[in-house]
Amino acid sequence: MRDNSNSGRILQRVLVCSLLLCLASVGPLGGQIQRTFGVHLGQAQSRQLWDDPFVTASAGGPSFGINVDVPTPLSHLSVRVGVGYVRRGSVVRDEGQSPDGEESAGVRSHYLSFPLHGKLAFRLGPGALYFFGGPIIDVLLETGCTQELCRVLLDEVPTVLALSAGSGVSFDVGQRFRLEFEGQLTEALMDAYRSSLSGIRYRTFEFVLRAGFPF
């Protein structure tokens with residue numbers, strides 16, 4: 001099986017370096033961060049990472065959910081917790097059986113997702129620029145796959161730990177409404193499935209639109 005620890009350490013280092021750079025170059029957001037209840041809708045592009053000789057391509061899926069931003073004693077730092085649905089998926093083909101790529105199989109994994117993110121926000125003109133990162137726990141609800149691929153996915157992992165990082169911009173509309181546009185990369189630290197041939201985990205890029213309501 002693939003060793004997932006190296007990718008997790010690399011993603012953690014990228015996140016730390018990004019946050020240190022933004023702290024060194026941008027001033028803190030003025031004023032007290034408000035608690036905010038939010039909803040989000042997004043589009044996830046995922047692909048499974050298999051050991052050779054399997055080759056994968058990305059597949060799209062929706063995401064949606066709710067979250068709460070909670071301020072901390074630091075004026076520019078908050079913690080965002082949430083719960084939502086995300087569909088991760090992939091197109092898979094065996095290079096040994098189909099080198100021309102004409103024969104492929106697909107899988108869709110339906111997850112209940114629980115993110116916990118630290119979030120740093122900085123004033124940027126009329127809005128704010130923010131960076132975030134932290135763990136995500138994915139709980140598998142259901143797997144949908146083609147008959148050929150289901151025979152290979154012998155072992156479903158019910159709960160998967162992942163690490164995500166991203167950035168976005170936010171705009172306040174009056175005193176009671178906030179819009180946020182963000183992108184995030186999620187790297188699974190554990191296998192989502194296991195087979196006799198390979199450990200299988202997900203990598204996902206997600207574009208998200210958030211609507212927040214300070215309270």
# chains A, B, ... in the order shown; residues from 1 in each chain; ligands from 1
>>> residues_around(residues="region 77-87 of chain A", least_positions_apart="3", cutoff="7 Å", atoms="only C-alpha atoms", output="PyMOL selection string")
chain A and resi 61-72+74+108-121
>>> select_by_dssp(residues="region 61-157 of chain A", states="alpha helix (DSSP H)", output="list in words")
Gln147, Glu148, Leu149 and Cys150 of chain A
>>> write_last_selection(atoms="N, CA and C atoms", output="mmCIF file, in the first residue's frame")
data_model
loop_
_atom_site.group_PDB
_atom_site.id
_atom_site.type_symbol
_atom_site.label_atom_id
_atom_site.label_comp_id
_atom_site.auth_asym_id
_atom_site.auth_seq_id
_atom_site.Cartn_x
_atom_site.Cartn_y
_atom_site.Cartn_z
ATOM 1 N N GLN A 147 -19.746 -2.183 -11.911
ATOM 2 C CA GLN A 147 -19.633 -3.560 -11.439
ATOM 3 C C GLN A 147 -18.182 -4.029 -11.418
ATOM 4 N N GLU A 148 -17.431 -3.655 -12.447
ATOM 5 C CA GLU A 148 -16.036 -4.095 -12.523
ATOM 6 C C GLU A 148 -15.216 -3.528 -11.374
ATOM 7 N N LEU A 149 -15.425 -2.243 -11.071
ATOM 8 C CA LEU A 149 -14.633 -1.604 -10.030
ATOM 9 C C LEU A 149 -15.068 -2.057 -8.641
ATOM 10 N N CYS A 150 -16.353 -2.306 -8.446
ATOM 11 C CA CYS A 150 -16.829 -2.765 -7.141
ATOM 12 C C CYS A 150 -16.192 -4.094 -6.743
#
>>> atom_distance(atom1="CA of Leu153 (chain A)", atom2="CA of Arg88 (chain A)")
15.1 Å
>>> closest_residue(among="A:Phe122, A:Trp50, A:Phe177, A:Phe131", to="His76 (chain A)", atoms="only C-alpha atoms")
A:Phe122
>>> closest_atom_pairs(of="region 43-151 of chain A", to="region 204-210 of chain A", cutoff="8 Å", atoms="only C-alpha atoms", output="tab-separated table")
residue	atom	partner	partner_atom	distance
A:Gln43	CA	A:Phe207	CA	5.5
A:Ala44	CA	A:Glu206	CA	4.3
A:Gln45	CA	A:Phe205	CA	5.3
A:Ser46	CA	A:Thr204	CA	4.2
A:Arg47	CA	A:Thr204	CA	6.6
A:Arg88	CA	A:Thr204	CA	7.4
>>> write_last_selection(atoms="C-alpha atoms", output="compact mmCIF listing (two decimals), in the first residue's frame")
# COMPACT_ATOMS: atom_id res chain seq x y z
CA GLN A 43 -18.17 21.94 -6.62
CA ALA A 44 -15.57 19.28 -5.81
CA GLN A 45 -13.14 17.81 -8.33
CA SER A 46 -11.68 14.59 -6.92
CA ARG A 47 -9.44 11.81 -8.07
CA ARG A 88 -15.88 12.51 -4.05
>>> residues_around(residues="region 167-172 of chain A", least_positions_apart="5", cutoff="8 Å", atoms="only C-alpha atoms", output="ChimeraX atom specification")
/A:126-132,177-184
>>> atom_distance(atom1="CA of Phe213 (chain A)", atom2="CA of Gly42 (chain A)")
18.1 Å
>>> select_by_dssp(residues="region 165-213 of chain A", states="strand (DSSP E)", output="ChimeraX atom specification")
/A:165-173,177-188,193-194,199-213
>>> atom_distance(atom1="CA of Ala59 (chain A)", atom2="CA of Gly38 (chain A)")
26.6 Å
